[in-house]
Amino acid sequence: MTDPKSDKAPLMALRNVSQVFHTKRGDVPAVRDVTLTVGAGDVLCLVGESGCGKTTTARMAAGLARPTSGSVEFEGEDVDTMDSRRRHEFRRAVQFVHQDPYASLNPIRSIFGTLSSPLRRHGLAKNRAEAWEQAKALLERVDLTPAENFLPKYPHQLSGGQRQRVAVARSLTLNPRLMIADEATSMLDVSIRVGVLRTLTRLRTELDVGFIFITHDLAIARYFGTGGKIAVMYLGRVVEYGDAHEVIDNPQHPYTKALLAAVPDIDPDQRHTHDPGLRSVDIPSLTALPSGCSFHPRCPLYREGDCDTVPPQLAEVSPGREVSCHVVAGDAAERDGAAR
Ligand SMILES: Nc1ncnc2c1ncn2[C@@H]1O[C@H](COP(=O)(O)OP(=O)(O)OP(=O)(O)O)[C@@H](O)[C@H]1O
C-alpha cells in the first residue's frame, strides 16, 4: 500500500502490525497483520463495525500501544528503536483527537490553560502574553470566535461541538504532521457534526497535515476521505483498501457491500436499507475465529474450498484497489486472463 512510484518514505507506515490482548476469556487478536501507509498531507479513513480493531490500530499508530508483532514507522524510522530525541519529535508530530471531548479536556482548567500549557512546556510561547495570542489564533483556526470570549471559559460552559473544537485546537498546539481522529464527530448532533467536519477538512488542506480518520459512518468517510484512501476492517483485518470515493461508490468486498447495504437511503421517502444477502447476521467472536476467511460464515459469495480453509491475502483486483477475498480476486484474475 505504498506508492511504488514514490521514493519518499511515507509519513506513517504500519507494517504487518498485530495486537493480541491476553484476557481471561482467552487471547483476543484485535488487529491481525495490518499494513497501511499515510503520506504527508494525505488522509486514510479506517471504517468498520464496532470492535473490528480501528481504535487499536490507531493507538499503535500514535505510539500509545506497542504492536505484539510488526512495526510502526514514522518518516521511515521504526518508532520502537527511536532515540529519545526522535521519540519526543514523534510524540509532538502525531496527535490524537478522541471521541469524547468532555472526557479528554481537564474540567478544572480554562480553555486558555488547556492551550497554553503545551505551548509553554514546549517553549513555543515565552510568556503569558505570547501564549494568549497563540491560543487565540488556535481558536480562530478551529472557528471558535470571538476567541477572547472562549479563552477564560471552562469545558462545562461549552457545547459538545465547541468542546470538540477546543480538543482539535489543543491537538494543533505543537504543529502536528499527523492527526489521528477517533470517531471525533460521532458524539455530536448531526448539524454540529457537519460544521466540525468542515473545519477538519479545511485544516487538512490549510496545514498540509496527514489524517488517520476513524469512523463507523461510511457517509462521513466518503466526505472526509475525498482525495484520500479508505481501509475497511473486519475482525482485525483490512478486507478492502482503495480510493475513498471508489470504495464507497463501487465496493468490491462482500463485507463492504454489506456495510453499505445497511446504510439507509438518503431519500426520506425511501428510508429503507437493502438486504445484503448475508448467510448469517452473527459476527464471530475474536476468541473463536472461523477457519479460512473470517467472513466466510456470513458471506453471500461463499464457495466451498479455499473460503473456509485458506485465509485470503489482500490482492490488487484493479489499479489501486486491494481486496481480501478468494472469489473477488479469482474473478479479477479470470477477467485479466480473458483480456490478454
Ligand atoms: N485492552 C483491551 N483488552 C482486551 N480486549 C480489548 C482491549 N482493547 C480492545 N479490545 C478488544 O479488541 C477488539 C477491537 O477493539 P477496538 O476498540 O480496537 O475496535 P473498534 O473498531 O475501534 O471498535 P469501537 O468502534 O467500538 O471502538 C474488541 O473486541 C475489543 O473488545
# chains A, B, ... in the order shown; residues from 1 in each chain; ligands from 1

$ closest_atom_pairs --of "chain A" --to "ligand 1" --cutoff "12 Å" --atoms "only C-alpha atoms and all ligand atoms" --output "CSV"
residue,atom,partner,partner_atom_place_in_ligand_line,distance
A:Ser18,CA,ligand 1,12 (O),11.2
A:Gln19,CA,ligand 1,12 (O),8.5
A:Val20,CA,ligand 1,5 (N),8.1
A:Phe21,CA,ligand 1,4 (C),4.9
A:His22,CA,ligand 1,4 (C),6.7
A:Thr23,CA,ligand 1,4 (C),6.0
A:Lys24,CA,ligand 1,4 (C),9.2
A:Arg25,CA,ligand 1,4 (C),9.2
A:Gly26,CA,ligand 1,4 (C),9.4
A:Asp27,CA,ligand 1,4 (C),8.3
A:Val28,CA,ligand 1,5 (N),6.0
A:Pro29,CA,ligand 1,12 (O),7.0
A:Ala30,CA,ligand 1,12 (O),4.2
A:Val31,CA,ligand 1,14 (C),7.1
A:Arg32,CA,ligand 1,14 (C),10.5
A:Leu46,CA,ligand 1,21 (O),8.8
A:Val47,CA,ligand 1,21 (O),7.8
A:Gly48,CA,ligand 1,21 (O),6.4
A:Glu49,CA,ligand 1,21 (O),6.0
A:Ser50,CA,ligand 1,26 (O),3.7
A:Gly51,CA,ligand 1,19 (O),3.4
A:Cys52,CA,ligand 1,21 (O),3.9
A:Gly53,CA,ligand 1,18 (O),3.3
A:Lys54,CA,ligand 1,22 (O),3.9
A:Thr55,CA,ligand 1,22 (O),3.6
A:Thr56,CA,ligand 1,18 (O),3.7
A:Thr57,CA,ligand 1,18 (O),6.4
A:Ala58,CA,ligand 1,18 (O),8.0
A:Arg59,CA,ligand 1,18 (O),8.4
A:Met60,CA,ligand 1,18 (O),10.0
A:Leu64,CA,ligand 1,1 (N),11.6
A:Ala65,CA,ligand 1,1 (N),9.6
A:Arg66,CA,ligand 1,1 (N),11.8
A:His98,CA,ligand 1,27 (O),10.7
A:Gln99,CA,ligand 1,27 (O),9.3
A:Asp100,CA,ligand 1,27 (O),11.8
A:Ala181,CA,ligand 1,22 (O),11.5
A:Asp182,CA,ligand 1,22 (O),8.0
A:Glu183,CA,ligand 1,25 (O),7.6
A:Ala184,CA,ligand 1,25 (O),11.3
A:Ser186,CA,ligand 1,25 (O),10.1
A:Phe213,CA,ligand 1,22 (O),11.5
A:Ile214,CA,ligand 1,22 (O),8.0
A:Thr215,CA,ligand 1,25 (O),7.5
A:His216,CA,ligand 1,25 (O),6.7
A:Asp217,CA,ligand 1,25 (O),10.3
A:Val232,CA,ligand 1,21 (O),10.3
A:Met233,CA,ligand 1,21 (O),7.9
A:Tyr234,CA,ligand 1,21 (O),8.4
A:Leu235,CA,ligand 1,14 (C),7.7
A:Gly236,CA,ligand 1,14 (C),6.9
A:Arg237,CA,ligand 1,21 (O),10.5
A:Val238,CA,ligand 1,21 (O),11.4
A:Ile283,CA,ligand 1,29 (O),10.9
A:Pro284,CA,ligand 1,29 (O),10.4
A:Ser285,CA,ligand 1,29 (O),7.8
A:Leu286,CA,ligand 1,29 (O),6.4
A:Thr287,CA,ligand 1,29 (O),8.8
A:Ala288,CA,ligand 1,29 (O),11.5
A:Leu289,CA,ligand 1,29 (O),11.7

$ select_by_dssp --residues "range 7-196 of chain A" --states "strand (DSSP E or B)" --output "PDB file with N, CA and C atoms, in the first residue's frame"
ATOM      1  N   MET A  12       3.685   7.955   7.772  1.00  0.00           N
ATOM      2  CA  MET A  12       3.434   6.901   8.764  1.00  0.00           C
ATOM      3  C   MET A  12       3.236   5.576   8.035  1.00  0.00           C
ATOM      4  N   ALA A  13       3.860   4.539   8.531  1.00  0.00           N
ATOM      5  CA  ALA A  13       3.648   3.214   7.946  1.00  0.00           C
ATOM      6  C   ALA A  13       3.436   2.194   9.061  1.00  0.00           C
ATOM      7  N   LEU A  14       2.364   1.448   8.938  1.00  0.00           N
ATOM      8  CA  LEU A  14       2.163   0.301   9.815  1.00  0.00           C
ATOM      9  C   LEU A  14       2.524  -0.912   8.970  1.00  0.00           C
ATOM     10  N   ARG A  15       3.465  -1.697   9.445  1.00  0.00           N
ATOM     11  CA  ARG A  15       3.894  -2.833   8.626  1.00  0.00           C
ATOM     12  C   ARG A  15       3.597  -4.137   9.358  1.00  0.00           C
ATOM     13  N   ASN A  16       2.643  -4.865   8.814  1.00  0.00           N
ATOM     14  CA  ASN A  16       2.251  -6.178   9.358  1.00  0.00           C
ATOM     15  C   ASN A  16       2.017  -6.120  10.857  1.00  0.00           C
ATOM     16  N   VAL A  17       1.319  -5.075  11.322  1.00  0.00           N
ATOM     17  CA  VAL A  17       1.114  -4.962  12.769  1.00  0.00           C
ATOM     18  C   VAL A  17      -0.036  -5.853  13.248  1.00  0.00           C
ATOM     19  N   SER A  18       0.194  -6.453  14.394  1.00  0.00           N
ATOM     20  CA  SER A  18      -0.844  -7.238  15.061  1.00  0.00           C
ATOM     21  C   SER A  18      -0.870  -6.823  16.521  1.00  0.00           C
ATOM     22  N   GLN A  19      -2.036  -6.983  17.137  1.00  0.00           N
ATOM     23  CA  GLN A  19      -2.165  -6.707  18.573  1.00  0.00           C
ATOM     24  C   GLN A  19      -3.032  -7.797  19.184  1.00  0.00           C
ATOM     25  N   VAL A  20      -2.437  -8.521  20.107  1.00  0.00           N
ATOM     26  CA  VAL A  20      -3.195  -9.580  20.792  1.00  0.00           C
ATOM     27  C   VAL A  20      -3.329  -9.177  22.259  1.00  0.00           C
ATOM     28  N   PHE A  21      -4.574  -9.140  22.752  1.00  0.00           N
ATOM     29  CA  PHE A  21      -4.797  -8.871  24.171  1.00  0.00           C
ATOM     30  C   PHE A  21      -4.976 -10.208  24.887  1.00  0.00           C
ATOM     31  N   HIS A  22      -4.253 -10.365  25.969  1.00  0.00           N
ATOM     32  CA  HIS A  22      -4.389 -11.613  26.736  1.00  0.00           C
ATOM     33  C   HIS A  22      -5.436 -11.374  27.820  1.00  0.00           C
ATOM     34  N   THR A  23      -6.567 -12.046  27.726  1.00  0.00           N
ATOM     35  CA  THR A  23      -7.657 -11.832  28.676  1.00  0.00           C
ATOM     36  C   THR A  23      -8.057 -13.170  29.308  1.00  0.00           C
ATOM     37  N   GLY A  26      -9.453 -15.594  27.058  1.00  0.00           N
ATOM     38  CA  GLY A  26      -8.514 -16.131  26.068  1.00  0.00           C
ATOM     39  C   GLY A  26      -7.856 -14.996  25.319  1.00  0.00           C
ATOM     40  N   ASP A  27      -7.035 -15.344  24.349  1.00  0.00           N
ATOM     41  CA  ASP A  27      -6.331 -14.314  23.588  1.00  0.00           C
ATOM     42  C   ASP A  27      -7.285 -13.641  22.600  1.00  0.00           C
ATOM     43  N   VAL A  28      -7.248 -12.309  22.581  1.00  0.00           N
ATOM     44  CA  VAL A  28      -8.099 -11.541  21.663  1.00  0.00           C
ATOM     45  C   VAL A  28      -7.203 -10.905  20.585  1.00  0.00           C
ATOM     46  N   PRO A  29      -7.204 -11.466  19.384  1.00  0.00           N
ATOM     47  CA  PRO A  29      -6.381 -10.890  18.320  1.00  0.00           C
ATOM     48  C   PRO A  29      -7.109  -9.690  17.697  1.00  0.00           C
ATOM     49  N   ALA A  30      -6.971  -8.516  18.341  1.00  0.00           N
ATOM     50  CA  ALA A  30      -7.777  -7.343  17.963  1.00  0.00           C
ATOM     51  C   ALA A  30      -7.378  -6.790  16.601  1.00  0.00           C
ATOM     52  N   VAL A  31      -6.085  -6.893  16.285  1.00  0.00           N
ATOM     53  CA  VAL A  31      -5.595  -6.437  14.975  1.00  0.00           C
ATOM     54  C   VAL A  31      -4.674  -7.520  14.440  1.00  0.00           C
ATOM     55  N   ARG A  32      -4.887  -7.869  13.150  1.00  0.00           N
ATOM     56  CA  ARG A  32      -4.155  -9.011  12.608  1.00  0.00           C
ATOM     57  C   ARG A  32      -3.457  -8.639  11.303  1.00  0.00           C
ATOM     58  N   ASP A  33      -2.157  -8.536  11.364  1.00  0.00           N
ATOM     59  CA  ASP A  33      -1.328  -8.397  10.165  1.00  0.00           C
ATOM     60  C   ASP A  33      -1.800  -7.253   9.260  1.00  0.00           C
ATOM     61  N   VAL A  34      -1.851  -6.065   9.831  1.00  0.00           N
ATOM     62  CA  VAL A  34      -2.338  -4.907   9.074  1.00  0.00           C
ATOM     63  C   VAL A  34      -1.149  -4.084   8.551  1.00  0.00           C
ATOM     64  N   THR A  35      -1.163  -3.807   7.262  1.00  0.00           N
ATOM     65  CA  THR A  35      -0.160  -2.945   6.642  1.00  0.00           C
ATOM     66  C   THR A  35      -0.882  -1.767   5.997  1.00  0.00           C
ATOM     67  N   LEU A  36      -0.517  -0.559   6.435  1.00  0.00           N
ATOM     68  CA  LEU A  36      -1.172   0.652   5.916  1.00  0.00           C
ATOM     69  C   LEU A  36      -0.154   1.786   5.911  1.00  0.00           C
ATOM     70  N   THR A  37      -0.283   2.701   4.974  1.00  0.00           N
ATOM     71  CA  THR A  37       0.597   3.872   4.983  1.00  0.00           C
ATOM     72  C   THR A  37      -0.225   5.141   4.804  1.00  0.00           C
ATOM     73  N   VAL A  38       0.334   6.233   5.309  1.00  0.00           N
ATOM     74  CA  VAL A  38      -0.272   7.561   5.106  1.00  0.00           C
ATOM     75  C   VAL A  38       0.844   8.511   4.692  1.00  0.00           C
ATOM     76  N   VAL A  43      -5.003  11.585   3.599  1.00  0.00           N
ATOM     77  CA  VAL A  43      -5.978  11.089   4.572  1.00  0.00           C
ATOM     78  C   VAL A  43      -6.240   9.602   4.341  1.00  0.00           C
ATOM     79  N   LEU A  44      -6.298   8.902   5.453  1.00  0.00           N
ATOM     80  CA  LEU A  44      -6.664   7.483   5.425  1.00  0.00           C
ATOM     81  C   LEU A  44      -7.826   7.309   6.388  1.00  0.00           C
ATOM     82  N   CYS A  45      -8.960   6.851   5.879  1.00  0.00           N
ATOM     83  CA  CYS A  45     -10.116   6.587   6.760  1.00  0.00           C
ATOM     84  C   CYS A  45     -10.139   5.107   7.101  1.00  0.00           C
ATOM     85  N   LEU A  46     -10.277   4.819   8.380  1.00  0.00           N
ATOM     86  CA  LEU A  46     -10.464   3.429   8.810  1.00  0.00           C
ATOM     87  C   LEU A  46     -11.933   3.251   9.120  1.00  0.00           C
ATOM     88  N   VAL A  47     -12.585   2.326   8.439  1.00  0.00           N
ATOM     89  CA  VAL A  47     -14.017   2.117   8.688  1.00  0.00           C
ATOM     90  C   VAL A  47     -14.281   0.649   9.021  1.00  0.00           C
ATOM     91  N   SER A  69       3.278  -7.743  17.247  1.00  0.00           N
ATOM     92  CA  SER A  69       4.276  -8.014  16.205  1.00  0.00           C
ATOM     93  C   SER A  69       4.091  -6.997  15.092  1.00  0.00           C
ATOM     94  N   GLY A  70       5.104  -6.884  14.238  1.00  0.00           N
ATOM     95  CA  GLY A  70       5.073  -5.886  13.181  1.00  0.00           C
ATOM     96  C   GLY A  70       5.697  -4.586  13.668  1.00  0.00           C
ATOM     97  N   SER A  71       5.744  -3.601  12.782  1.00  0.00           N
ATOM     98  CA  SER A  71       6.404  -2.354  13.177  1.00  0.00           C
ATOM     99  C   SER A  71       5.625  -1.125  12.748  1.00  0.00           C
ATOM    100  N   VAL A  72       5.868  -0.042  13.476  1.00  0.00           N
ATOM    101  CA  VAL A  72       5.283   1.259  13.161  1.00  0.00           C
ATOM    102  C   VAL A  72       6.435   2.172  12.791  1.00  0.00           C
ATOM    103  N   GLU A  73       6.366   2.764  11.613  1.00  0.00           N
ATOM    104  CA  GLU A  73       7.443   3.662  11.183  1.00  0.00           C
ATOM    105  C   GLU A  73       6.890   5.067  11.016  1.00  0.00           C
ATOM    106  N   PHE A  74       7.689   6.026  11.483  1.00  0.00           N
ATOM    107  CA  PHE A  74       7.334   7.425  11.258  1.00  0.00           C
ATOM    108  C   PHE A  74       8.468   8.054  10.468  1.00  0.00           C
ATOM    109  N   GLU A  77      11.367   5.770  10.009  1.00  0.00           N
ATOM    110  CA  GLU A  77      12.116   5.264  11.159  1.00  0.00           C
ATOM    111  C   GLU A  77      11.209   4.455  12.085  1.00  0.00           C
ATOM    112  N   ASP A  78      11.701   3.304  12.503  1.00  0.00           N
ATOM    113  CA  ASP A  78      10.927   2.442  13.392  1.00  0.00           C
ATOM    114  C   ASP A  78      10.750   3.153  14.749  1.00  0.00           C
ATOM    115  N   VAL A  94       2.588  13.578  16.121  1.00  0.00           N
ATOM    116  CA  VAL A  94       1.390  12.751  15.949  1.00  0.00           C
ATOM    117  C   VAL A  94       0.430  13.048  17.102  1.00  0.00           C
ATOM    118  N   GLN A  95      -0.718  13.568  16.778  1.00  0.00           N
ATOM    119  CA  GLN A  95      -1.692  13.961  17.811  1.00  0.00           C
ATOM    120  C   GLN A  95      -2.996  13.199  17.651  1.00  0.00           C
ATOM    121  N   PHE A  96      -3.603  12.867  18.774  1.00  0.00           N
ATOM    122  CA  PHE A  96      -4.808  12.039  18.809  1.00  0.00           C
ATOM    123  C   PHE A  96      -6.004  12.902  19.226  1.00  0.00           C
ATOM    124  N   VAL A  97      -7.078  12.852  18.482  1.00  0.00           N
ATOM    125  CA  VAL A  97      -8.315  13.533  18.914  1.00  0.00           C
ATOM    126  C   VAL A  97      -9.331  12.449  19.256  1.00  0.00           C
ATOM    127  N   LEU A 178       0.692  14.661  11.716  1.00  0.00           N
ATOM    128  CA  LEU A 178      -0.348  13.642  11.528  1.00  0.00           C
ATOM    129  C   LEU A 178      -1.362  13.752  12.657  1.00  0.00           C
ATOM    130  N   MET A 179      -2.628  13.833  12.289  1.00  0.00           N
ATOM    131  CA  MET A 179      -3.690  13.843  13.301  1.00  0.00           C
ATOM    132  C   MET A 179      -4.407  12.496  13.213  1.00  0.00           C
ATOM    133  N   ILE A 180      -4.700  11.933  14.367  1.00  0.00           N
ATOM    134  CA  ILE A 180      -5.473  10.701  14.393  1.00  0.00           C
ATOM    135  C   ILE A 180      -6.788  11.041  15.085  1.00  0.00           C
ATOM    136  N   ALA A 181      -7.864  11.018  14.317  1.00  0.00           N
ATOM    137  CA  ALA A 181      -9.170  11.407  14.858  1.00  0.00           C
ATOM    138  C   ALA A 181     -10.017  10.150  15.003  1.00  0.00           C
ATOM    139  N   ASP A 182     -10.307   9.770  16.243  1.00  0.00           N
ATOM    140  CA  ASP A 182     -11.037   8.521  16.503  1.00  0.00           C
ATOM    141  C   ASP A 182     -12.502   8.834  16.794  1.00  0.00           C
TER     142      ASP A 182
END

$ atom_distance --atom1 "CA of Ala329 in chain A" --atom2 "CA of Ala315 in chain A"
6.7 Å

$ closest_residue --among "A:Ile230, A:Gln157, A:Ala244, A:Leu218" --to "Ala261 in chain A" --atoms "only C-alpha atoms"
A:Leu218

$ atom_distance --atom1 "CA of Tyr102 in chain A" --atom2 "CA of Ile192 in chain A"
15.5 Å

$ atom_distance --atom1 "CA of Ile212 in chain A" --atom2 "CA of Pro176 in chain A"
12.5 Å

$ residues_around --residues "range 114-127 of chain A" --least-positions-apart "6" --cutoff "9 Å" --atoms "only C-alpha atoms" --output "list in words"
Leu105, Asn106, Gln134, Ala135, Leu138, Leu151, Val166, Ala169, Arg170, Ser171, Thr173 and Leu174 of chain A

$ closest_residue --among "A:Pro276, A:Glu130, A:Pro254, A:Gly63" --to "His88 in chain A" --atoms "only C-alpha atoms"
A:Gly63

$ residues_around --residues "range 239-241 of chain A" --least-positions-apart "4" --cutoff "9 Å" --atoms "only C-alpha atoms" --output "number ranges by chain"
A: 1, 229-234, 247, 251-253, 255-256, 313-314, 320-325
